[in-house]
$ cat work20.cif   # mmCIF, C-alpha atoms
data_start
#
loop_
_atom_site.label_atom_id
_atom_site.label_comp_id
_atom_site.auth_asym_id
_atom_site.auth_seq_id
_atom_site.Cartn_x
_atom_site.Cartn_y
_atom_site.Cartn_z
CA MET A 282 141.75 -55.93 -1.17
CA PRO A 283 144.81 -55.13 1.03
CA ARG A 284 148.11 -56.69 -0.08
CA ASN A 285 148.37 -59.01 2.96
CA MET A 286 144.85 -60.36 2.26
CA LYS A 287 145.81 -60.99 -1.39
CA LEU A 288 148.90 -62.87 -0.22
CA ALA A 289 146.86 -65.00 2.18
CA ALA A 290 144.38 -65.83 -0.59
CA TYR A 291 147.24 -66.71 -2.93
CA LEU A 292 148.82 -69.05 -0.40
CA LEU A 293 145.46 -70.71 0.22
CA CYS A 294 145.14 -71.25 -3.54
CA LEU A 295 148.61 -72.86 -3.63
CA SER A 296 147.63 -75.10 -0.72
CA CYS A 297 144.44 -76.23 -2.49
CA ALA A 298 146.50 -77.05 -5.57
CA GLY A 299 148.80 -79.29 -3.55
CA LEU A 300 151.83 -77.05 -3.92
CA VAL A 301 152.67 -76.57 -0.26
CA SER A 302 154.22 -79.89 0.55
CA GLY A 303 157.77 -81.22 0.49
CA GLN A 304 160.45 -79.03 -1.05
CA LEU A 305 157.86 -76.49 -2.23
CA SER A 306 156.32 -76.02 1.20
CA ILE A 307 155.30 -72.39 1.51
CA GLY A 308 154.29 -72.75 5.13
CA LYS A 309 157.71 -74.13 6.10
CA ARG A 310 159.46 -71.53 3.93
CA ASN A 311 161.56 -74.12 2.16
CA PHE A 312 162.45 -71.96 -0.81
CA LYS A 313 166.21 -71.57 -0.82
CA CYS A 314 168.64 -68.97 -2.13
CA GLY A 315 169.21 -70.24 -5.65
CA GLY A 316 169.84 -73.74 -6.89
CA VAL A 317 169.87 -76.02 -9.92
CA LYS A 318 166.44 -77.02 -11.28
CA SER A 319 165.61 -79.50 -14.02
CA GLY A 320 162.64 -81.43 -15.34
CA VAL A 321 159.39 -80.67 -17.12
CA SER A 322 158.12 -78.17 -14.55
CA GLY A 323 158.71 -76.82 -11.06
CA PHE A 324 158.71 -73.77 -8.81
CA ILE A 325 161.34 -71.34 -7.59
CA GLY A 326 160.89 -68.64 -4.97
CA SER A 327 162.71 -66.10 -2.85
CA GLU A 328 164.34 -67.23 0.38
CA GLY A 329 161.98 -66.92 3.36
CA PHE A 330 158.81 -66.55 1.26
CA PRO A 331 156.13 -65.58 2.26
CA GLY A 332 158.06 -63.62 4.90
CA LEU A 333 160.31 -60.72 4.00
CA TYR A 334 163.21 -61.63 1.74
CA PRO A 335 166.76 -61.14 3.14
CA ALA A 336 168.72 -57.93 2.60
CA ASN A 337 172.09 -57.77 0.79
CA SER A 338 171.61 -61.07 -1.00
CA LYS A 339 172.24 -62.48 -4.46
CA CYS A 340 170.52 -65.75 -5.39
CA THR A 341 170.85 -67.59 -8.70
CA TRP A 342 168.68 -70.38 -10.11
CA LYS A 343 169.77 -72.41 -13.15
CA ILE A 344 166.81 -74.04 -14.90
CA THR A 345 167.10 -76.82 -17.49
CA VAL A 346 164.20 -78.51 -19.29
CA PRO A 347 164.43 -81.51 -21.70
CA LYS A 348 166.25 -80.96 -24.99
CA GLY A 349 164.02 -79.88 -27.85
CA ARG A 350 161.90 -77.76 -25.50
CA VAL A 351 162.18 -74.18 -24.30
CA VAL A 352 161.62 -72.73 -20.82
CA ALA A 353 158.43 -70.79 -20.05
CA LEU A 354 158.64 -68.83 -16.79
CA ASN A 355 155.45 -67.49 -15.19
CA PHE A 356 155.55 -65.28 -12.10
CA ARG A 357 152.74 -66.36 -9.77
CA PHE A 358 153.57 -63.75 -7.12
CA LEU A 359 155.84 -60.68 -7.19
CA ASP A 360 156.42 -58.22 -4.33
CA LEU A 361 159.79 -56.43 -4.41
CA GLU A 362 160.78 -52.86 -3.64
CA ARG A 363 159.19 -50.69 -6.32
CA ASP A 364 161.40 -48.43 -8.44
CA THR A 365 160.79 -47.28 -12.02
CA LEU A 366 164.27 -48.45 -13.03
CA CYS A 367 164.42 -51.48 -10.67
CA ARG A 368 167.74 -50.25 -9.24
CA TYR A 369 167.49 -51.62 -5.70
CA ASP A 370 165.81 -55.02 -5.37
CA TYR A 371 165.08 -56.91 -8.59
CA VAL A 372 164.82 -60.24 -10.39
CA ASP A 373 166.80 -60.67 -13.64
CA VAL A 374 165.93 -63.40 -16.15
CA TYR A 375 168.57 -64.55 -18.68
CA ASP A 376 168.45 -66.75 -21.78
CA GLY A 377 170.77 -69.70 -21.13
CA HIS A 378 173.13 -70.28 -18.22
CA VAL A 379 176.36 -68.51 -19.30
CA ASN A 380 176.65 -65.07 -20.95
CA GLY A 381 173.05 -65.22 -22.12
CA GLN A 382 171.10 -62.11 -23.06
CA ARG A 383 168.92 -60.62 -20.35
CA LEU A 384 165.25 -61.23 -21.09
CA GLY A 385 164.01 -58.83 -18.44
CA ARG A 386 164.45 -57.14 -15.06
CA PHE A 387 161.45 -57.05 -12.70
CA CYS A 388 160.50 -55.42 -9.39
CA GLY A 389 157.43 -53.94 -7.70
CA THR A 390 154.19 -55.91 -7.77
CA SER A 391 153.28 -55.90 -11.50
CA LYS A 392 153.80 -59.40 -12.88
CA PRO A 393 155.12 -59.69 -16.46
CA GLY A 394 153.65 -62.06 -19.01
CA ALA A 395 155.25 -65.43 -19.61
CA ILE A 396 158.99 -65.20 -20.37
CA ILE A 397 160.27 -67.65 -22.97
CA SER A 398 163.86 -68.77 -23.54
CA SER A 399 165.27 -69.56 -26.98
CA GLY A 400 166.72 -72.90 -25.82
CA ASN A 401 166.28 -75.39 -22.99
CA LYS A 402 168.13 -73.32 -20.36
CA MET A 403 167.29 -70.21 -18.35
CA LEU A 404 168.96 -68.38 -15.46
CA VAL A 405 167.04 -66.39 -12.83
CA GLN A 406 168.87 -64.09 -10.40
CA MET A 407 167.45 -62.08 -7.48
CA VAL A 408 169.51 -59.21 -6.06
CA THR A 409 168.61 -57.13 -2.98
CA ASP A 410 170.18 -54.09 -1.35
CA ALA A 411 170.46 -53.18 2.34
CA ASN A 412 166.74 -52.47 2.74
CA THR A 413 164.06 -55.16 2.54
CA ALA A 414 160.68 -54.12 1.18
CA GLY A 415 158.48 -57.11 0.33
CA SER A 416 157.68 -60.81 0.34
CA GLY A 417 159.71 -61.64 -2.78
CA PHE A 418 158.46 -63.86 -5.58
CA VAL A 419 157.21 -67.28 -6.62
CA ALA A 420 157.54 -68.39 -10.25
CA MET A 421 156.69 -71.58 -12.10
CA TYR A 422 158.89 -72.89 -14.91
CA SER A 423 157.69 -75.38 -17.48
CA ALA A 424 158.90 -77.00 -20.68
CA THR A 425 157.03 -75.94 -23.79
CA ARG A 426 157.45 -76.55 -27.51
CA PRO A 427 159.42 -73.95 -29.50
CA ASN A 428 157.21 -71.45 -31.35
CA GLN A 429 154.17 -72.37 -29.25
CA ARG A 430 152.04 -69.25 -28.84
CA ASN A 431 149.16 -67.86 -26.86
CA ASP A 432 148.17 -64.32 -25.93
CA GLN A 433 150.40 -64.22 -22.84
CA PHE A 434 153.52 -65.82 -24.34
CA CYS A 435 156.13 -63.81 -26.11
CA GLY A 436 159.65 -64.38 -27.35
CA GLY A 437 161.41 -67.53 -28.47
CA ARG A 438 163.32 -68.86 -31.46
CA LEU A 439 161.86 -68.45 -34.98
CA GLU A 440 163.31 -70.43 -37.90
CA LYS A 441 160.50 -70.76 -40.47
CA SER A 442 159.95 -68.16 -43.20
CA PRO A 443 157.74 -66.27 -43.66
CA GLY A 444 156.58 -65.71 -40.09
CA SER A 445 154.93 -63.25 -37.72
CA PHE A 446 155.08 -62.31 -34.04
CA LYS A 447 153.32 -59.83 -31.78
CA THR A 448 153.22 -58.30 -28.33
CA PRO A 449 151.21 -60.04 -25.58
CA ASN A 450 147.43 -59.35 -25.75
CA TRP A 451 147.57 -58.07 -29.35
CA PRO A 452 145.16 -56.99 -30.80
CA ASP A 453 142.48 -57.13 -28.09
CA TYR A 454 144.21 -55.29 -25.25
CA ASP A 455 147.26 -53.17 -24.48
CA TYR A 456 150.52 -54.99 -23.77
CA PRO A 457 151.21 -55.56 -20.02
CA ALA A 458 153.42 -53.30 -17.94
CA GLY A 459 156.79 -54.70 -16.90
CA VAL A 460 157.06 -57.22 -19.72
CA SER A 461 160.18 -58.35 -21.59
CA CYS A 462 160.09 -60.34 -24.84
CA SER A 463 163.01 -61.44 -26.98
CA TRP A 464 162.62 -63.12 -30.39
CA HIS A 465 165.70 -64.79 -31.89
CA ILE A 466 165.13 -65.12 -35.67
CA VAL A 467 167.52 -67.48 -37.48
CA ALA A 468 167.78 -67.85 -41.26
CA PRO A 469 169.99 -70.29 -43.25
CA LYS A 470 173.63 -69.13 -43.40
CA ASN A 471 173.43 -67.83 -46.97
CA GLN A 472 170.38 -65.65 -46.26
CA VAL A 473 169.47 -62.44 -44.43
CA ILE A 474 166.28 -61.32 -42.71
CA GLU A 475 163.81 -58.64 -43.74
CA LEU A 476 161.63 -57.35 -40.88
CA LYS A 477 158.49 -55.23 -41.31
CA PHE A 478 156.10 -53.84 -38.69
CA GLU A 479 152.53 -53.85 -39.96
CA LYS A 480 151.09 -52.16 -36.86
CA PHE A 481 153.06 -50.28 -34.22
CA ASP A 482 152.05 -48.38 -31.08
CA VAL A 483 154.62 -48.24 -28.26
CA GLU A 484 154.79 -45.50 -25.61
CA ARG A 485 156.35 -42.42 -27.24
CA ASP A 486 159.50 -40.81 -25.86
CA ASN A 487 162.15 -38.77 -27.69
CA TYR A 488 164.86 -41.25 -26.71
CA CYS A 489 162.72 -44.40 -26.37
CA ARG A 490 163.77 -44.80 -22.72
CA TYR A 491 160.64 -46.41 -21.27
CA ASP A 492 158.91 -48.84 -23.66
CA TYR A 493 160.76 -49.75 -26.85
CA VAL A 494 161.69 -52.30 -29.50
CA SER A 495 165.39 -52.88 -30.25
CA VAL A 496 166.69 -54.87 -33.21
CA TYR A 497 170.21 -56.38 -33.21
CA ASN A 498 172.33 -58.07 -35.87
CA GLY A 499 173.53 -61.49 -34.72
CA GLY A 500 172.27 -63.77 -32.00
CA GLU A 501 172.58 -61.49 -28.94
CA ASN A 502 171.58 -58.01 -27.81
CA ASN A 503 175.02 -56.46 -28.24
CA ASP A 504 174.74 -52.64 -28.37
CA ALA A 505 177.61 -52.51 -30.87
CA LYS A 506 175.38 -54.43 -33.31
CA ARG A 507 172.12 -52.63 -32.66
CA ILE A 508 170.33 -51.81 -35.94
CA GLY A 509 167.68 -49.57 -34.40
CA LYS A 510 165.61 -48.69 -31.35
CA PHE A 511 161.95 -47.78 -31.91
CA CYS A 512 158.94 -46.37 -30.07
CA GLY A 513 155.94 -44.12 -30.82
CA ASP A 514 152.87 -44.77 -32.94
CA SER A 515 154.37 -44.86 -36.46
CA PRO A 516 155.67 -48.17 -37.86
CA PRO A 517 159.46 -48.08 -38.35
CA ALA A 518 160.84 -48.42 -41.86
CA PRO A 519 161.58 -52.02 -42.93
CA VAL A 520 164.73 -53.43 -41.33
CA LEU A 521 167.20 -55.58 -43.28
CA SER A 522 169.83 -57.56 -41.37
CA GLN A 523 173.50 -57.89 -42.36
CA GLU A 524 173.71 -61.40 -40.93
CA ASN A 525 171.57 -64.53 -40.90
CA GLU A 526 170.41 -63.89 -37.33
CA ILE A 527 168.68 -61.04 -35.56
CA VAL A 528 167.32 -60.48 -32.06
CA VAL A 529 164.18 -58.39 -31.62
CA GLN A 530 163.72 -57.27 -28.02
CA PHE A 531 160.60 -55.58 -26.62
CA LEU A 532 160.55 -54.04 -23.14
CA SER A 533 157.88 -52.11 -21.25
CA ASP A 534 158.37 -50.36 -17.92
CA LEU A 535 155.96 -50.33 -14.99
CA SER A 536 153.80 -47.38 -16.06
CA VAL A 537 152.14 -46.39 -19.37
CA THR A 538 151.24 -49.11 -21.92
CA ALA A 539 149.83 -49.01 -25.46
CA ASP A 540 148.48 -51.26 -28.24
CA GLY A 541 151.81 -52.91 -29.08
CA PHE A 542 152.80 -54.24 -32.50
CA LEU A 543 152.39 -56.90 -35.15
CA ALA A 544 155.55 -57.76 -37.11
CA HIS A 545 156.31 -59.96 -40.12
CA TYR A 546 159.64 -61.34 -41.29
CA LYS A 547 160.96 -63.32 -44.23
CA PHE A 548 164.30 -64.67 -45.37
CA ARG A 549 166.10 -63.14 -48.35
CA SER A 550 169.14 -64.13 -50.39
CA LYS A 551 172.29 -62.18 -49.49
CA LYS A 552 172.22 -60.87 -53.08
CA PHE A 553 169.17 -58.86 -52.01
CA LEU A 554 171.47 -56.65 -49.90
CA SER A 555 173.08 -55.14 -53.01
CA THR A 556 169.76 -54.29 -54.64
CA ALA A 557 167.67 -53.23 -51.63
CA ALA A 558 166.87 -49.57 -51.12
CA PRO A 559 168.62 -47.93 -48.15
CA VAL A 560 166.78 -48.37 -44.87
CA THR A 561 165.88 -45.11 -43.16
CA ALA A 562 164.83 -44.68 -39.57
CA PRO A 563 161.87 -42.66 -38.28
CA THR A 564 162.73 -39.54 -36.35
CA ILE A 565 161.94 -41.18 -33.00
CA THR A 566 164.78 -43.72 -33.15
CA THR A 567 167.87 -43.12 -31.07
CA ILE A 568 170.27 -44.58 -33.65
CA LYS A 569 169.92 -44.62 -37.43
CA PRO A 570 169.49 -48.25 -38.53
CA THR A 571 171.76 -47.82 -41.57
CA VAL A 572 174.88 -47.19 -39.45
CA PRO A 573 175.75 -49.46 -36.51
CA PRO A 574 177.00 -47.25 -33.66
CA CYS A 575 180.57 -48.55 -33.69
CA GLN A 576 180.92 -47.67 -37.36
CA LEU A 577 180.21 -44.00 -36.67
CA LYS A 578 183.16 -41.61 -37.00
CA CYS A 579 185.14 -41.28 -33.81
CA ARG A 580 184.40 -37.59 -33.56
CA ARG A 581 182.07 -35.73 -31.20
CA SER A 582 179.37 -33.71 -32.95
CA GLY A 583 178.19 -30.20 -32.13
CA THR A 584 179.34 -27.88 -29.37
CA MET A 585 179.19 -28.08 -25.59
CA GLY A 586 176.14 -25.82 -25.69
CA SER A 587 174.21 -27.73 -28.37
CA ASN A 588 174.97 -31.08 -26.74
CA TYR A 589 173.79 -29.86 -23.34
CA CYS A 590 170.16 -29.64 -24.44
CA ASN A 591 170.30 -32.83 -26.52
CA SER A 592 171.67 -34.97 -23.68
CA ASP A 593 169.79 -36.81 -20.93
CA PHE A 594 172.61 -36.18 -18.47
CA VAL A 595 175.60 -33.84 -18.14
CA LEU A 596 178.29 -34.26 -15.48
CA THR A 597 181.97 -33.98 -14.71
CA GLY A 598 183.71 -36.87 -12.98
CA THR A 599 186.73 -39.09 -12.44
CA VAL A 600 186.93 -42.57 -13.98
CA ILE A 601 187.32 -44.99 -11.05
CA THR A 602 186.96 -48.31 -12.91
CA ALA A 603 186.78 -49.19 -16.62
CA VAL A 604 186.09 -52.82 -17.61
CA THR A 605 185.62 -54.22 -21.14
CA ARG A 606 182.49 -56.35 -21.61
CA ASN A 607 181.08 -57.56 -24.95
CA GLY A 608 182.90 -54.87 -26.90
CA SER A 609 181.84 -52.02 -24.59
CA ILE A 610 183.52 -50.21 -21.69
CA HIS A 611 181.61 -50.32 -18.40
CA ALA A 612 182.91 -47.51 -16.20
CA THR A 613 182.26 -46.24 -12.69
CA ILE A 614 182.49 -42.45 -12.49
CA SER A 615 183.04 -40.54 -9.24
CA ILE A 616 181.01 -37.35 -9.63
CA ILE A 617 182.74 -33.96 -9.42
CA ASN A 618 179.67 -31.92 -10.41
CA ILE A 619 176.36 -32.84 -12.00
CA TYR A 620 174.59 -30.31 -14.20
CA LYS A 621 171.77 -32.37 -15.69
CA GLU A 622 170.60 -35.61 -14.09
CA GLY A 623 167.57 -36.92 -15.98
CA THR A 624 166.84 -40.52 -14.93
CA LEU A 625 170.50 -41.33 -14.25
CA ALA A 626 170.90 -43.71 -11.28
CA ILE A 627 173.21 -42.06 -8.74
CA GLN A 628 174.79 -44.20 -6.04
CA GLN A 629 176.01 -42.79 -2.74
CA ALA A 630 178.54 -44.29 -0.32
CA GLY A 631 179.21 -41.91 2.56
CA LYS A 632 179.97 -38.51 1.05
CA ASN A 633 180.95 -39.94 -2.35
CA MET A 634 178.49 -40.14 -5.26
CA SER A 635 179.05 -42.19 -8.40
CA VAL A 636 177.30 -43.32 -11.58
CA LYS A 637 177.67 -46.15 -14.08
CA ILE A 638 178.43 -45.16 -17.67
CA ILE A 639 178.77 -47.48 -20.68
CA ALA A 640 180.92 -46.46 -23.63
CA VAL A 641 179.11 -48.58 -26.21
CA CYS A 642 182.18 -48.83 -28.47
CA LYS A 643 185.33 -49.62 -26.50
CA LYS A 644 187.67 -47.68 -28.81
CA CYS A 645 185.68 -44.47 -28.93
CA PRO A 646 185.42 -42.25 -27.01
CA ILE A 647 188.61 -43.24 -25.19
CA ILE A 648 188.27 -42.93 -21.41
CA LYS A 649 191.12 -43.79 -19.05
CA ARG A 650 191.01 -44.69 -15.41
CA GLY A 651 192.07 -41.91 -13.05
CA LEU A 652 191.36 -39.04 -15.47
CA ASN A 653 188.62 -36.39 -15.30
CA TYR A 654 186.07 -35.91 -18.10
CA ILE A 655 182.94 -34.04 -19.10
CA PHE A 656 180.28 -36.65 -19.96
CA MET A 657 177.14 -35.88 -21.97
CA GLY A 658 174.94 -38.74 -23.15
CA GLN A 659 171.71 -40.68 -22.89
CA VAL A 660 170.29 -42.85 -20.08
CA ASP A 661 169.12 -46.43 -20.64
CA GLU A 662 166.22 -48.23 -18.95
CA THR A 663 168.43 -49.39 -16.06
CA GLY A 664 169.56 -45.86 -15.17
CA LYS A 665 173.05 -46.20 -16.67
CA GLY A 666 174.55 -43.49 -18.86
CA ARG A 667 175.45 -44.42 -22.44
CA VAL A 668 177.90 -42.65 -24.73
CA LEU A 669 178.60 -43.25 -28.43
CA PRO A 670 181.53 -42.27 -30.67
CA ASN A 671 179.84 -38.94 -31.48
CA SER A 672 178.81 -38.17 -27.87
CA PHE A 673 180.29 -35.09 -26.21
CA VAL A 674 182.98 -36.59 -23.96
CA VAL A 675 186.11 -34.46 -23.42
CA PRO A 676 188.81 -34.10 -20.76
CA TYR A 677 187.60 -31.84 -17.95
CA LYS A 678 189.49 -28.68 -17.03
CA SER A 679 188.59 -26.32 -14.22
CA LYS A 680 188.06 -23.47 -16.69
CA ASN A 681 185.06 -25.40 -18.11
CA GLN A 682 183.14 -25.10 -14.83
CA ARG A 683 181.90 -21.53 -15.33
CA PHE A 684 180.54 -22.31 -18.79
CA LEU A 685 178.80 -25.46 -17.52
CA ASN A 686 177.24 -23.47 -14.66
CA ASN A 687 175.87 -21.01 -17.24
CA LEU A 688 174.45 -23.87 -19.28
CA LYS A 689 172.74 -25.28 -16.19
CA ASN A 690 170.69 -22.08 -15.93
CA ARG A 691 169.74 -22.16 -19.61
CA ARG A 692 166.26 -23.27 -20.63
CA CYS A 693 166.41 -25.88 -23.38
#
$ encode --input "work20.cif" --output "structure tokens"
Amino acid sequence: MPRNMKLAAYLLCLSCAGLVSGQLSIGKRNFKCGGVKSGVSGFIGSEGFPGLYPANSKCTWKITVPKGRVVALNFRFLDLERDTLCRYDYVDVYDGHVNGQRLGRFCGTSKPGAIISSGNKMLVQMVTDANTAGSGFVAMYSATRPNQRNDQFCGGRLEKSPGSFKTPNWPDYDYPAGVSCSWHIVAPKNQVIELKFEKFDVERDNYCRYDYVSVYNGGENNDAKRIGKFCGDSPPAPVLSQENEIVVQFLSDLSVTADGFLAHYKFRSKKFLSTAAPVTAPTITTIKPTVPPCQLKCRRSGTMGSNYCNSDFVLTGTVITAVTRNGSIHATISIINIYKEGTLAIQQAGKNMSVKIIAVCKKCPIIKRGLNYIFMGQVDETGKGRVLPNSFVVPYKSKNQRFLNNLKNRRC
């Protein structure tokens, strides 16, 4: 069925359900750019729906449901410019209203499963660039009980031990494309959390860039506290937290899917930390779980040549901006030359090209505004470059250019 016929059928369905009157009138296009929403349930949608959404816009909705409940957000319709990394037009969903962790970024036409907050607040933000490419979105929010589960729900707050959680559709079908789930597991203050994956099958990639599971110490997805990042078809080794809270985040992109996972957790006394065997990571993880990234030695490893093949991207550039956020440096780099691009998102304004790079640990490597550097690192799911204390980041000198040109012609 053509997309416009599907849209017409969808709108007819909304009309039959009595959802096209008053403030939610689809026919009168009464959805507005952002707003404050509260109550047991309701709808939000892009401005102008079902017509084309506006270009160069940023709309924010703050949703609050009654205390003691959590927010369940279900996309009923999604039609935004498609891009594997959702770099142009997208909808972000955050846990809470202020400085909450991002639960997912969505674009294209593949709807995610239900997105669940850990508390009674959620923030939804739609951002568009200069080009408009679709009808936008309609989503329904509703209040649900914490820990309530069905095959399409994922994420939420878990406080009872022992417990289990799983990807949507497990074990009958593959997990959906474009889904984001975040489980916040909270133990009593004098205890830690042991996490084990009984079954595990997530799209394999050497750097876990597409579909992956990340585990973080503490109550937020702070890269400085990431314990491990996992993908592939072998269950990771058991994970033991250093704190009484962890966040387990699962993301899938808009392409290949797989079986998913089934995980179990239980609370342990802090004394268990001194007797537990060291946790080792499978070879497919990007960071060894035993050493948080910001505790690595502030020293680059290997040579320029060895790092070239091991990196997703290699470029030389000038630091234009460098801002500290959540213990990391978020920098804009004006490109001098690019030797290896990978999936790095490159922005162009006139003749100038730039990229976004995150130094996960703000004190290492040290990058200063206005100076030129060689950057070698990995690319995250949003197309941003990421560098760690042992990444190959050094001041750039013109004499390096010939060697980098030779590396560009090398086959890794």
$ residues_around --input "work20.cif" --residues "A:Asp376" --least-positions-apart "2" --cutoff "8 Å" --atoms "all atoms listed in the file" --output "JSON, numbers by chain"
{"A": [374, 378, 381, 382, 383, 384, 398, 399, 400, 402, 403, 404]}
$ residues_around --input "work20.cif" --residues "stretch 633-648 of chain A" --least-positions-apart "2" --cutoff "6 Å" --atoms "all atoms listed in the file" --output "list in words"
Cys575, Cys579, Gly608, Ser609, Ile610, His611, Ala612, Thr613, Ile614, Ser615, Ile616, Ile627, Gln628, Gln629, Ala630, Gly631, Lys665, Gly666, Arg667, Val668, Leu669 and Pro670 of chain A
$ residues_around --input "work20.cif" --residues "A:Phe387" --least-positions-apart "3" --cutoff "12 Å" --atoms "all atoms listed in the file" --output "PyMOL selection string"
chain A and resi 356+358-375+383-384+390-394+396+405-408+417-418+458-461+532-535+662-663
$ atom_distance --input "work20.cif" --atom1 "atom CA of A:Asp593" --atom2 "atom CA of A:Phe656"
10.5 Å
$ resolve_selection --input "work20.cif" --expression "the PyMOL selection byres ((chain A and resi 321) around 9)" --output "VMD selection string"
chain A and resid 319 to 320 322 to 323 345 to 347 422 to 425
$ residues_around --input "work20.cif" --residues "stretch 684-689 of chain A" --least-positions-apart "4" --cutoff "8 Å" --atoms "only C-alpha atoms" --output "tab-separated table (two decimals) with C-alpha atoms, in the coordinates of the input"
chain	number	residue	atom	x	y	z
A	586	GLY	CA	176.14	-25.82	-25.69
A	589	TYR	CA	173.79	-29.86	-23.34
A	620	TYR	CA	174.59	-30.31	-14.20
A	621	LYS	CA	171.77	-32.37	-15.69
A	680	LYS	CA	188.06	-23.47	-16.69
$ resolve_selection --input "work20.cif" --expression "the PyMOL selection byres ((chain A and resi 329-335) around 8)" --output "JSON, numbers by chain"
{"A": [307, 308, 310, 311, 312, 313, 326, 327, 328, 336, 337, 338, 409, 413, 414, 415, 416, 417, 418]}
$ axis_aligned_box --input "work20.cif" --around "stretch 631-646 of chain A" --padding-each-side "5 Å" --output "JSON"
{"center_x": 182.5, "center_y": -44.1, "center_z": -13.2, "size_x": 20.4, "size_y": 21.1, "size_z": 41.5}
